[in-house]
file input-v5.cif (mmCIF, C-alpha atoms)
data_entry
#
loop_
_atom_site.label_atom_id
_atom_site.label_comp_id
_atom_site.auth_asym_id
_atom_site.auth_seq_id
_atom_site.Cartn_x
_atom_site.Cartn_y
_atom_site.Cartn_z
CA MET A 109 -5.27 -0.83 -14.37
CA LEU A 110 -5.01 2.41 -12.51
CA LEU A 111 -4.90 6.04 -13.46
CA LEU A 112 -2.24 8.49 -12.40
CA ALA A 113 -1.67 11.87 -13.95
CA ALA A 114 1.60 12.81 -15.55
CA LEU A 115 1.38 16.36 -14.26
CA PRO A 116 4.17 17.30 -11.86
CA LEU A 117 3.44 17.37 -8.17
CA GLN A 118 2.40 20.85 -7.20
CA ALA A 119 3.06 22.63 -3.95
CA GLN A 120 -0.14 23.74 -2.26
CA GLN A 121 -0.89 25.63 0.94
CA SER A 122 -2.40 22.93 3.10
CA PRO A 123 -5.07 23.78 5.71
CA LYS A 124 -4.15 23.58 9.40
CA PHE A 125 -5.09 20.13 10.66
CA GLY A 126 -5.82 21.12 14.25
CA LYS A 127 -8.13 23.93 13.19
CA HIS A 128 -10.40 21.77 11.05
CA PHE A 129 -9.93 18.16 12.17
CA ARG A 130 -9.34 15.99 15.20
CA ASP A 131 -7.03 12.97 15.30
CA ALA A 132 -9.66 10.37 14.44
CA THR A 133 -10.87 8.63 11.26
CA LEU A 134 -14.27 9.10 9.63
CA ARG A 135 -15.29 6.43 7.13
CA VAL A 136 -17.76 7.20 4.37
CA ASP A 137 -19.59 4.11 3.03
CA TYR A 138 -21.56 4.55 -0.16
CA LEU A 139 -22.80 2.62 -3.19
CA ARG A 140 -21.91 3.55 -6.74
CA VAL A 141 -24.66 2.43 -9.11
CA GLY A 142 -24.55 2.65 -12.88
CA ASN A 143 -22.76 1.78 -16.10
CA LYS A 144 -20.59 3.55 -18.69
CA GLN A 145 -23.41 5.90 -19.60
CA HIS A 146 -24.22 7.17 -16.12
CA ASP A 147 -23.57 6.49 -12.44
CA THR A 148 -24.72 7.86 -9.11
CA CYS A 149 -23.54 7.54 -5.50
CA LYS A 150 -25.85 6.66 -2.62
CA LEU A 151 -24.74 7.23 0.97
CA GLN A 152 -25.05 4.18 3.21
CA ARG A 153 -23.51 5.34 6.48
CA PHE A 154 -20.87 7.37 8.25
CA VAL A 155 -18.64 5.25 10.47
CA LEU A 156 -16.22 6.23 13.22
CA GLN A 157 -13.45 3.94 11.99
CA SER A 158 -11.11 4.99 14.77
CA ASP A 159 -11.73 7.42 17.63
CA LYS A 160 -8.03 7.84 18.39
CA VAL A 161 -6.17 7.33 15.12
CA TRP A 162 -5.87 9.28 11.89
CA ALA A 163 -3.08 7.47 10.03
CA GLY A 164 -2.52 10.11 7.38
CA SER A 165 -0.27 13.14 7.28
CA LEU A 166 -1.15 16.15 9.43
CA THR A 167 0.36 18.52 6.86
CA GLN A 168 -0.38 17.04 3.41
CA LEU A 169 -4.16 17.39 3.50
CA LEU A 170 -4.77 18.46 -0.09
CA ASP A 171 -3.65 15.89 -2.64
CA PRO A 172 -1.01 17.53 -4.88
CA VAL A 173 -1.05 14.65 -7.39
CA ASP A 174 -3.63 15.12 -10.13
CA ASN A 175 -4.40 11.47 -10.74
CA GLY A 176 -7.17 8.91 -10.87
CA ALA A 177 -10.64 9.01 -12.32
CA TYR A 178 -12.25 10.08 -9.04
CA ARG A 179 -11.55 12.44 -6.15
CA ILE A 180 -12.98 13.12 -2.72
CA MET A 181 -12.91 16.83 -1.91
CA VAL A 182 -13.92 17.94 1.59
CA LYS A 183 -15.01 21.57 1.88
CA ASP A 184 -15.94 23.75 4.80
CA ALA A 185 -19.75 23.93 4.68
CA ARG A 186 -19.84 27.67 5.37
CA SER A 187 -16.92 29.14 3.48
CA GLY A 188 -16.43 26.52 0.79
CA ALA A 189 -12.70 26.35 1.61
CA GLU A 190 -11.02 23.13 0.51
CA LEU A 191 -9.85 21.19 3.58
CA TYR A 192 -8.95 17.67 2.45
CA SER A 193 -8.74 15.75 -0.83
CA ARG A 194 -7.57 12.42 -2.22
CA CYS A 195 -7.71 11.02 -5.73
CA TYR A 196 -8.54 7.38 -6.32
CA ASN A 197 -9.85 4.80 -8.73
CA THR A 198 -12.59 2.22 -8.33
CA LEU A 199 -13.47 -1.27 -9.45
CA PHE A 200 -16.57 0.27 -10.98
CA GLY A 201 -14.27 2.36 -13.17
CA GLU A 202 -12.99 -0.86 -14.72
CA TYR A 203 -16.44 -2.45 -14.89
CA ARG A 204 -17.77 0.44 -16.99
CA GLU A 205 -15.13 -0.33 -19.64
CA THR A 206 -16.22 -3.97 -19.99
CA ALA A 207 -18.80 -5.16 -22.53
CA ALA A 208 -21.36 -5.65 -19.74
CA GLY A 209 -20.58 -2.28 -18.17
CA ARG A 210 -21.46 -0.34 -21.28
CA ASP A 211 -25.17 -1.04 -20.79
CA SER A 212 -25.90 -3.19 -17.73
CA ILE A 213 -26.36 -1.41 -14.41
CA ALA A 214 -24.32 -2.76 -11.48
CA THR A 215 -23.80 -1.74 -7.86
CA PHE A 216 -20.39 -1.46 -6.20
CA GLU A 217 -19.49 -0.74 -2.58
CA GLU A 218 -17.00 2.11 -2.13
CA VAL A 219 -15.30 3.48 0.98
CA MET A 220 -13.45 6.71 1.60
CA LEU A 221 -11.46 7.58 4.73
CA MET A 222 -10.88 11.13 5.97
CA PRO A 223 -9.86 12.87 9.20
CA MET A 224 -12.78 13.62 11.53
CA PRO A 225 -14.06 17.19 10.95
CA LYS A 226 -14.62 19.59 13.82
CA GLN A 227 -17.16 21.69 11.90
CA PRO A 228 -19.83 20.89 9.27
CA VAL A 229 -18.35 19.94 5.91
CA ASP A 230 -19.49 19.06 2.41
CA ILE A 231 -17.97 15.80 1.18
CA CYS A 232 -17.82 16.18 -2.59
CA LEU A 233 -17.42 13.05 -4.72
CA GLN A 234 -15.91 14.17 -7.99
CA LYS A 235 -15.36 12.53 -11.38
CA ARG A 236 -12.84 13.35 -14.07
CA GLY A 237 -14.55 14.53 -17.23
CA ASP A 238 -13.59 14.16 -20.88
CA ASP A 239 -11.77 17.48 -20.55
CA GLY A 240 -9.49 15.93 -17.92
CA LYS A 241 -10.84 18.09 -15.10
CA PHE A 242 -12.66 17.02 -11.94
CA ALA A 243 -16.27 18.05 -11.40
CA THR A 244 -18.50 17.39 -8.39
CA ALA A 245 -21.14 14.74 -9.02
CA THR A 246 -22.42 14.03 -5.48
CA VAL A 247 -22.31 15.93 -2.18
CA PHE A 248 -22.80 14.45 1.30
CA ARG A 249 -23.20 16.94 4.17
CA PHE A 250 -21.56 15.90 7.44
CA ASP A 251 -22.17 17.80 10.67
CA PRO A 252 -20.16 16.32 13.57
CA GLY A 253 -22.71 17.60 16.07
CA ASN A 254 -25.83 16.25 14.36
CA THR A 255 -25.08 13.62 11.72
CA PRO A 256 -25.58 10.02 12.95
CA VAL A 257 -22.31 8.08 13.04
CA GLU A 258 -21.97 4.34 13.55
CA THR A 259 -19.05 2.97 15.52
CA ARG A 260 -16.89 0.00 14.72
CA ALA A 261 -14.73 -2.05 17.04
CA SER A 262 -12.61 -5.06 16.26
CA ASP A 263 -11.19 -7.64 18.65
CA ILE A 264 -8.94 -9.09 15.94
CA PRO A 265 -5.29 -8.81 17.07
CA GLN A 266 -3.10 -6.33 15.19
CA ARG A 267 0.35 -7.69 14.41
CA LYS A 268 3.15 -5.14 14.24
CA LEU A 269 5.23 -6.55 11.34
CA LEU A 270 7.42 -3.48 10.71
CA TYR A 271 7.36 -0.36 12.83
CA ASN A 272 9.38 2.79 12.27
CA GLY A 273 7.49 5.36 14.31
CA ASP A 274 4.71 7.95 14.25
CA TRP A 275 2.05 6.89 11.71
CA HIS A 276 1.39 10.54 10.85
CA LYS A 277 4.85 10.58 9.25
CA LYS A 278 4.97 7.05 7.82
CA ILE A 279 3.38 5.08 5.01
CA ASP A 280 1.15 2.69 6.94
CA VAL A 281 0.28 -0.53 5.13
CA VAL A 282 -2.01 -3.16 6.63
CA ILE A 283 -1.80 -6.73 5.35
CA VAL A 284 -5.14 -8.54 5.60
CA ALA A 285 -5.04 -12.35 5.74
CA GLU A 286 -7.75 -13.83 3.51
CA GLY A 287 -8.77 -17.48 3.18
CA TYR A 288 -7.05 -18.91 6.25
CA GLY A 289 -8.83 -21.83 7.92
CA ARG A 290 -8.87 -22.91 11.54
CA SER A 291 -5.75 -25.04 11.07
CA ASP A 292 -3.78 -22.28 9.28
CA ALA A 293 -2.69 -20.14 12.26
CA GLU A 294 1.00 -20.99 11.94
CA LYS A 295 0.95 -20.59 8.16
CA MET A 296 -0.75 -17.20 8.51
CA GLN A 297 1.99 -15.88 10.76
CA GLY A 298 4.70 -17.12 8.41
CA ASP A 299 2.92 -15.58 5.41
CA PHE A 300 2.58 -12.25 7.22
CA GLU A 301 6.33 -12.18 7.74
CA LYS A 302 7.05 -13.14 4.13
CA PHE A 303 4.70 -10.51 2.71
CA ALA A 304 6.10 -7.81 4.98
CA SER A 305 9.57 -8.63 3.63
CA TYR A 306 8.35 -8.73 0.00
CA LEU A 307 6.76 -5.30 0.45
CA VAL A 308 10.10 -3.61 1.06
CA ALA A 309 12.35 -5.91 -1.00
CA GLN A 310 12.34 -4.02 -4.32
CA GLU A 311 13.56 -0.51 -5.05
CA PRO A 312 12.39 2.12 -4.41
CA PHE A 313 10.54 0.44 -1.50
CA ALA A 314 13.80 -1.07 -0.15
CA GLY A 315 15.57 2.27 0.05
CA ARG A 316 12.55 3.80 1.81
CA LYS A 317 12.03 0.93 4.29
CA SER A 318 12.37 3.28 7.26
CA ASP A 319 9.38 5.26 5.95
CA PHE A 320 7.01 2.29 6.29
CA ASN A 321 4.96 0.79 9.08
CA VAL A 322 3.42 -2.59 8.27
CA TRP A 323 0.57 -4.14 10.24
CA GLY A 324 -1.08 -7.54 9.99
CA VAL A 325 -4.75 -8.37 10.57
CA GLY A 326 -6.25 -11.80 10.12
CA VAL A 327 -9.10 -14.01 11.26
CA LEU A 328 -9.27 -17.81 10.96
CA GLU A 329 -12.36 -19.05 9.10
CA GLN A 330 -14.04 -22.44 8.72
CA GLU A 331 -12.45 -23.08 5.32
CA SER A 332 -9.10 -22.49 3.69
CA GLY A 333 -8.69 -20.82 0.30
CA VAL A 334 -10.77 -18.37 -1.72
CA THR A 335 -13.50 -18.58 -4.33
CA ASP A 336 -12.40 -19.66 -7.81
CA PRO A 337 -15.41 -20.09 -10.14
CA ASN A 338 -13.31 -21.57 -12.93
CA ARG A 339 -12.41 -24.49 -10.66
CA GLY A 340 -15.83 -24.84 -9.10
CA LYS A 341 -14.57 -23.69 -5.71
CA TYR A 342 -16.72 -21.41 -3.56
CA VAL A 343 -15.46 -20.32 -0.13
CA LYS A 344 -16.96 -18.08 2.56
CA SER A 345 -13.79 -16.14 3.31
CA ALA A 346 -13.02 -13.10 5.48
CA VAL A 347 -13.48 -10.48 2.75
CA GLY A 348 -15.23 -12.48 0.02
CA SER A 349 -12.47 -12.45 -2.57
CA SER A 350 -12.69 -14.28 -5.89
CA TYR A 351 -10.71 -15.06 -9.00
CA ASN A 352 -12.16 -14.43 -12.47
CA THR A 353 -13.10 -10.80 -11.87
CA PHE A 354 -14.55 -9.41 -15.11
CA GLY A 355 -13.85 -12.76 -16.78
CA SER A 356 -10.07 -12.69 -16.27
CA ASP A 357 -8.89 -15.95 -14.69
CA ARG A 358 -6.03 -14.41 -12.73
CA TYR A 359 -7.82 -11.24 -11.62
CA LEU A 360 -8.29 -11.79 -7.86
CA MET A 361 -10.40 -9.08 -6.20
CA THR A 362 -13.25 -8.39 -3.78
CA THR A 363 -16.33 -6.19 -4.04
CA ARG A 364 -17.07 -6.32 -0.29
CA LEU A 365 -15.45 -3.08 0.76
CA PHE A 366 -17.62 -2.51 3.84
CA GLN A 367 -16.73 -5.96 5.17
CA LEU A 368 -13.04 -5.37 4.46
CA HIS A 369 -12.86 -2.06 6.31
CA ASP A 370 -14.90 -3.43 9.24
CA LEU A 371 -12.00 -5.81 9.90
CA LEU A 372 -9.63 -2.84 10.18
CA ALA A 373 -11.43 -0.73 12.79
CA GLY A 374 -8.85 0.97 14.98
CA VAL A 375 -5.88 0.06 12.77
CA PRO A 376 -3.72 2.95 11.45
CA TYR A 377 -3.59 2.40 7.69
CA ASP A 378 -3.04 4.38 4.52
CA HIS A 379 -2.97 1.36 2.18
CA ILE A 380 -4.36 -2.17 2.20
CA VAL A 381 -2.72 -5.39 0.96
CA ILE A 382 -4.89 -8.52 0.86
CA MET A 383 -2.86 -11.71 1.22
CA ALA A 384 -4.94 -14.56 -0.24
CA ASN A 385 -4.21 -18.08 0.99
CA CYS A 386 -4.26 -19.86 -2.37
CA ASP A 387 -1.52 -21.19 -4.62
CA THR A 388 -3.12 -20.29 -7.96
CA TYR A 389 -1.36 -17.38 -9.69
CA GLY A 390 -3.38 -14.21 -9.28
CA GLY A 391 -3.69 -10.71 -7.93
CA GLY A 392 -4.94 -7.23 -8.71
CA ALA A 393 -5.03 -3.66 -7.44
CA ILE A 394 -6.85 -0.34 -7.61
CA TYR A 395 -5.22 3.03 -6.95
CA ASN A 396 -5.72 4.17 -3.33
CA TYR A 397 -8.13 1.24 -2.85
CA TYR A 398 -6.30 -2.05 -2.18
CA ALA A 399 -3.73 -4.51 -3.60
CA PHE A 400 -4.25 -8.27 -3.84
CA SER A 401 -1.76 -11.12 -4.17
CA ALA A 402 -2.13 -14.87 -3.89
CA VAL A 403 0.34 -16.62 -1.60
CA GLN A 404 2.33 -18.66 -4.09
CA ALA A 405 5.70 -19.01 -5.79
CA MET A 406 5.47 -15.64 -7.61
CA SER A 407 4.24 -13.57 -4.65
CA MET A 408 7.56 -11.77 -4.25
CA TRP A 409 6.99 -10.30 -7.74
CA ILE A 410 3.19 -10.07 -7.79
CA LEU A 411 3.10 -7.91 -4.63
CA PRO A 412 5.43 -5.08 -5.74
CA HIS A 413 3.72 -4.99 -9.15
CA GLU A 414 0.32 -4.57 -7.49
CA LEU A 415 1.72 -1.97 -5.07
CA GLY A 416 2.86 -0.05 -8.12
CA HIS A 417 -0.83 0.22 -8.95
CA SER A 418 -2.35 0.73 -5.51
CA ILE A 419 0.21 3.17 -4.06
CA GLY A 420 1.84 4.70 -7.12
CA GLY A 421 -1.08 4.62 -9.53
CA LEU A 422 1.15 3.13 -12.24
CA ALA A 423 -0.36 1.60 -15.37
CA ASP A 424 0.19 -1.93 -16.61
CA GLU A 425 2.79 -1.86 -19.36
CA TYR A 426 2.11 -5.31 -20.82
CA VAL A 427 -0.02 -6.21 -23.82
CA ASP A 428 -3.18 -8.28 -23.36
CA GLU A 429 -5.57 -7.77 -26.23
CA GLU A 430 -8.06 -10.30 -24.84
CA LEU A 431 -8.96 -8.07 -21.89
CA SER A 432 -12.49 -6.75 -22.20
CA TYR A 433 -11.31 -3.16 -21.68
CA ASN A 434 -8.13 -3.27 -23.75
CA ASP A 435 -9.16 -0.21 -25.79
CA ILE A 436 -9.26 2.02 -22.72
CA HIS A 437 -6.51 4.28 -24.10
CA SER A 438 -7.80 4.48 -27.68
CA ASN A 439 -9.45 7.87 -27.28
CA GLY A 440 -6.98 10.18 -29.00
CA ARG A 441 -5.88 11.69 -25.67
CA GLU A 442 -2.80 11.39 -23.50
CA PRO A 443 -3.37 8.79 -20.73
CA VAL A 444 -3.15 10.20 -17.23
CA GLU A 445 -0.88 7.40 -15.96
CA PRO A 446 2.73 8.61 -15.64
CA ASN A 447 4.37 5.51 -17.18
CA ILE A 448 2.49 5.19 -20.48
CA THR A 449 1.98 7.62 -23.35
CA THR A 450 0.21 7.86 -26.68
CA LEU A 451 2.78 10.54 -27.68
CA VAL A 452 -0.09 13.02 -27.96
CA ASP A 453 1.65 15.11 -25.28
CA PHE A 454 4.92 13.30 -24.61
CA GLY A 455 6.40 16.49 -23.15
CA SER A 456 4.11 16.10 -20.14
CA LYS A 457 5.47 12.61 -19.51
CA TRP A 458 9.09 11.42 -19.32
CA GLN A 459 10.43 13.08 -22.49
CA SER A 460 12.96 15.01 -20.39
CA MET A 461 14.42 11.70 -19.17
CA VAL A 462 15.09 10.35 -22.68
CA PRO A 463 18.80 10.61 -23.65
CA GLU A 464 19.56 13.08 -26.41
CA GLY A 465 19.58 11.46 -29.84
CA THR A 466 17.25 8.58 -28.85
CA PRO A 467 14.62 8.04 -31.56
CA VAL A 468 10.98 8.29 -30.49
CA PRO A 469 9.36 5.80 -30.92
CA THR A 470 12.31 3.67 -29.76
CA ASN A 471 13.32 0.23 -30.97
CA PRO A 472 13.25 -2.52 -28.30
CA VAL A 473 16.57 -3.56 -26.79
CA GLU A 474 17.47 -7.22 -27.26
CA GLY A 475 19.62 -9.37 -24.99
CA LEU A 476 18.93 -7.58 -21.71
CA ASP A 477 19.39 -9.39 -18.43
CA LYS A 478 16.08 -10.70 -17.08
CA ARG A 479 15.72 -7.86 -14.54
CA ASP A 480 17.36 -4.99 -16.49
CA ASN A 481 15.27 -2.10 -17.78
CA GLY A 482 17.41 -0.95 -20.67
CA PRO A 483 17.67 2.72 -21.69
CA VAL A 484 14.77 5.14 -21.31
CA GLY A 485 12.88 5.81 -24.53
CA ALA A 486 9.34 5.27 -25.86
CA TYR A 487 8.75 1.59 -26.64
CA GLU A 488 5.51 0.56 -28.33
CA GLY A 489 3.23 -1.88 -26.52
CA ALA A 490 1.71 -0.87 -23.18
CA GLY A 491 -1.60 -0.33 -21.41
CA TYR A 492 -2.77 -3.74 -22.77
CA GLN A 493 -2.44 -2.50 -26.37
CA ALA A 494 0.16 -3.64 -28.89
CA LYS A 495 -0.05 -0.48 -30.99
CA GLY A 496 -0.33 3.22 -30.23
CA VAL A 497 0.63 3.16 -26.54
CA TYR A 498 4.26 3.41 -25.37
CA ARG A 499 6.23 2.59 -22.19
CA PRO A 500 9.49 4.10 -20.86
CA CYS A 501 11.78 1.04 -20.97
CA THR A 502 12.03 -2.35 -22.61
CA LYS A 503 11.44 -4.02 -19.24
CA CYS A 504 9.88 -2.93 -15.95
CA MET A 505 8.08 -4.31 -12.90
CA MET A 506 4.84 -3.12 -14.47
CA ARG A 507 5.45 -5.34 -17.50
CA ASP A 508 7.94 -8.16 -16.86
CA TYR A 509 8.49 -8.38 -13.09
CA ALA A 510 11.86 -6.75 -13.75
CA ALA A 511 13.11 -3.87 -11.61
CA PHE A 512 10.95 -0.74 -11.55
CA CYS A 513 12.15 1.51 -14.37
CA PRO A 514 13.44 5.05 -13.66
CA VAL A 515 10.10 6.64 -14.56
CA CYS A 516 8.15 4.40 -12.19
CA LYS A 517 10.71 4.84 -9.41
CA LYS A 518 10.46 8.59 -9.73
CA ARG A 519 6.70 8.60 -9.32
CA LEU A 520 6.73 6.13 -6.43
CA ASN A 521 9.25 8.24 -4.53
CA GLU A 522 7.13 11.34 -5.13
CA VAL A 523 4.08 9.60 -3.71
CA PHE A 524 6.04 8.23 -0.72
CA ASP A 525 7.04 11.79 0.12
CA LEU A 526 3.39 12.78 0.57
CA TYR A 527 3.10 10.56 3.64
CA VAL A 528 6.30 11.42 5.47
CA LYS A 529 6.21 15.21 5.57
#
call {"tool": "encode", "arguments": {"input": "input-v5.cif", "output": "structure tokens"}}
result
Amino acid sequence: MLLLAALPLQAQQSPKFGKHFRDATLRVDYLRVGNKQHDTCKLQRFVLQSDKVWAGSLTQLLDPVDNGAYRIMVKDARSGAELYSRCYNTLFGEYRETAAGRDSIATFEEVMLMPMPKQPVDICLQKRGDDGKFATATVFRFDPGNTPVETRASDIPQRKLLYNGDWHKKIDVVIVAEGYGRSDAEKMQGDFEKFASYLVAQEPFAGRKSDFNVWGVGVLEQESGVTDPNRGKYVKSAVGSSYNTFGSDRYLMTTRLFQLHDLLAGVPYDHIVIMANCDTYGGGAIYNYYAFSAVQAMSMWILPHELGHSIGGLADEYVDEELSYNDIHSNGREPVEPNITTLVDFGSKWQSMVPEGTPVPTNPVEGLDKRDNGPVGAYEGAGYQAKGVYRPCTKCMMRDYAAFCPVCKKRLNEVFDLYVK
């Protein structure tokens, strides 16, 4: 459900961190209001998320991956020089593709994190246009000497589940426990340990285990479980998660981004995993936003699939023509995700990885082992659509809970590298 460009990663001259930023985290809370026709962003607050921790890289300040539907671009207020950027997607971006989102106006909370500026900056919220390029839609001015900043503090214990060193050179993932009641303390700890192991169990995560730090944050509530409207269950949980997002039974998400990030004040994190204490199959993810997984028998497969979305920006490769936005790729253009193609510009995707003599489109391979990918080609059926959209292999984590295919592994490793340099 996430967008990631197929363009190669590009080397850029990154600004000097110490010249423009201090080692602290500024949080930008805003509301995105609108529908498919139009949307606008309204600033709610600036928050000092951490006065002593910026979890991101000190050298990779400008995002070299042209991906996502949105981008935050921080510019020096005087010179206009680009100082920091990150691409991302939003839950609103999916809402606007639903039947309701084409006309009905809705409001979504959104949060962006950035290093704390030393001088006045313009925080530009950009959107990708029909031409594939980003354009600034909203600008927030931040002056560290004059702009009001709220502070956040959390007394929730931080569990160190996996630690490999300096968070400036690691991929820091925080696992948030959701839906744990007063009697679930022991279960929470066991689930933290399981999810930390699931996170680095599949390649390429397993081979890059030493590049990850994993933290755990959780609070015990009055009730156990999460809201599930289809079963008549409504729970006041830590971050307000719910099944049946956009009418999909298994789509487990939250719209309470401010509440979620309040729980994480002072924690060094690049990515968020929400571990939901419920045994009904479900999950979801948004690129550079968060990943969700229920705690149930399939968690060891749900979690890496959702991380493929939230960290790697990979597209779903399965077919589901009942989804309300299943025609998202029927626009005559090449999708920006790296692992699906309409063959409009296959050369910009994985064409170079296809063995010589392989027909394109490629016929599915029968009789593969349950977890085998099969040879790289262009197999029809991906991005929720049965026709006109193609995937790299017969099987993949983004389709069948098989191993990540070579194309997806390549992109994940490229993204991992952005955090460890």
call {"tool": "closest_residue", "arguments": {"input": "input-v5.cif", "among": "A:Gly489, A:Pro225, A:Gly201, A:Gly176", "to": "A:Phe242", "atoms": "only C-alpha atoms"}}
result
A:Gly176
call {"tool": "resolve_selection", "arguments": {"input": "input-v5.cif", "expression": "the PyMOL selection byres ((chain A and resi 218) around 10)", "output": "short mmCIF file (atom, residue, chain, number, x, y, z; two decimals) with C-alpha atoms, in the frame of the given file"}}
result
data_model
loop_
_atom_site.label_atom_id
_atom_site.label_comp_id
_atom_site.auth_asym_id
_atom_site.auth_seq_id
_atom_site.Cartn_x
_atom_site.Cartn_y
_atom_site.Cartn_z
CA VAL A 136 -17.76 7.20 4.37
CA ASP A 137 -19.59 4.11 3.03
CA TYR A 138 -21.56 4.55 -0.16
CA LEU A 139 -22.80 2.62 -3.19
CA ARG A 140 -21.91 3.55 -6.74
CA CYS A 149 -23.54 7.54 -5.50
CA LYS A 150 -25.85 6.66 -2.62
CA LEU A 151 -24.74 7.23 0.97
CA GLN A 152 -25.05 4.18 3.21
CA THR A 198 -12.59 2.22 -8.33
CA LEU A 199 -13.47 -1.27 -9.45
CA PHE A 200 -16.57 0.27 -10.98
CA THR A 215 -23.80 -1.74 -7.86
CA PHE A 216 -20.39 -1.46 -6.20
CA GLU A 217 -19.49 -0.74 -2.58
CA VAL A 219 -15.30 3.48 0.98
CA MET A 220 -13.45 6.71 1.60
CA THR A 363 -16.33 -6.19 -4.04
CA ARG A 364 -17.07 -6.32 -0.29
CA LEU A 365 -15.45 -3.08 0.76
CA PHE A 366 -17.62 -2.51 3.84
CA TYR A 397 -8.13 1.24 -2.85
#
call {"tool": "resolve_selection", "arguments": {"input": "input-v5.cif", "expression": "the PyMOL selection byres ((chain A and resi 277-289) around 7)", "output": "JSON, numbers by chain"}}
result
{"A": [165, 274, 275, 276, 290, 291, 292, 296, 319, 320, 321, 322, 323, 324, 325, 326, 328, 329, 330, 331, 332, 333, 334, 345, 346, 347, 376, 377, 378, 379, 380, 381, 382, 383, 384, 385, 527, 528, 529]}
call {"tool": "atom_distance", "arguments": {"input": "input-v5.cif", "atom1": "atom CA of A:Gly142", "atom2": "atom CA of A:Glu442"}}
result
25.7 Å
call {"tool": "residues_around", "arguments": {"input": "input-v5.cif", "residues": "A:Leu169", "least_positions_apart": "5", "cutoff": "8 Å", "atoms": "only C-alpha atoms", "output": "ChimeraX atom specification"}}
result
/A:122-123,125,191-193
call {"tool": "atom_distance", "arguments": {"input": "input-v5.cif", "atom1": "atom CA of A:Gln493", "atom2": "atom CA of A:Val427"}}
result
5.1 Å
call {"tool": "atom_distance", "arguments": {"input": "input-v5.cif", "atom1": "atom CA of A:Leu134", "atom2": "atom CA of A:Asp263"}}
result
19.3 Å
call {"tool": "closest_residue", "arguments": {"input": "input-v5.cif", "among": "A:Tyr509, A:Tyr271, A:Trp162, A:Phe524", "to": "A:Gly421", "atoms": "all atoms listed in the file"}}
result
A:Phe524
call {"tool": "closest_residue", "arguments": {"input": "input-v5.cif", "among": "A:Val308, A:Val141, A:Val257, A:Ala314", "to": "A:Val155", "atoms": "only C-alpha atoms"}}
result
A:Val257
call {"tool": "closest_residue", "arguments": {"input": "input-v5.cif", "among": "A:Ala207, A:Leu307, A:Ala511, A:Val484", "to": "A:Asn143", "atoms": "only C-alpha atoms"}}
result
A:Ala207
call {"tool": "closest_residue", "arguments": {"input": "input-v5.cif", "among": "A:Thr470, A:Asn352, A:Thr362, A:Asn447", "to": "A:Val515", "atoms": "only C-alpha atoms"}}
result
A:Asn447
call {"tool": "resolve_selection", "arguments": {"input": "input-v5.cif", "expression": "the PyMOL selection byres ((chain A and resi 459) around 12)", "output": "ChimeraX atom specification"}}
result
/A:114,446-449,451-458,460-469,484-486,498-500,515
call {"tool": "closest_residue", "arguments": {"input": "input-v5.cif", "among": "A:Tyr359, A:Asp336, A:Gly374, A:Gly496", "to": "A:Ala163", "atoms": "all atoms listed in the file"}}
result
A:Gly374
call {"tool": "build_atoms", "arguments": {"input": "input-v5.cif", "residues": "stretch 124-134 of chain A", "atoms": "N, CA and C atoms", "output": "compact mmCIF listing (two decimals), keeping the file's coordinate frame"}}
result
# COMPACT_ATOMS: atom_id res chain seq x y z
N LYS A 124 -4.68 23.97 8.09
CA LYS A 124 -4.15 23.58 9.40
C LYS A 124 -4.99 22.44 9.96
N PHE A 125 -4.36 21.31 10.22
CA PHE A 125 -5.09 20.13 10.66
C PHE A 125 -5.87 20.40 11.94
N GLY A 126 -5.19 20.94 12.95
CA GLY A 126 -5.82 21.12 14.25
C GLY A 126 -6.99 22.08 14.24
N LYS A 127 -7.03 22.98 13.29
CA LYS A 127 -8.13 23.93 13.19
C LYS A 127 -9.39 23.27 12.67
N HIS A 128 -9.24 22.33 11.74
CA HIS A 128 -10.40 21.77 11.05
C HIS A 128 -10.72 20.32 11.41
N PHE A 129 -9.74 19.59 11.95
CA PHE A 129 -9.93 18.16 12.17
C PHE A 129 -9.42 17.76 13.55
N ARG A 130 -9.93 16.62 14.03
CA ARG A 130 -9.34 15.99 15.20
C ARG A 130 -8.70 14.67 14.78
N ASP A 131 -7.84 14.14 15.63
CA ASP A 131 -7.03 12.97 15.30
C ASP A 131 -7.87 11.69 15.43
N ALA A 132 -8.79 11.52 14.49
CA ALA A 132 -9.66 10.37 14.44
C ALA A 132 -10.04 10.16 12.97
N THR A 133 -10.59 8.98 12.65
CA THR A 133 -10.87 8.63 11.26
C THR A 133 -12.36 8.47 11.03
N LEU A 134 -12.89 9.23 10.08
CA LEU A 134 -14.27 9.10 9.63
C LEU A 134 -14.27 8.27 8.34
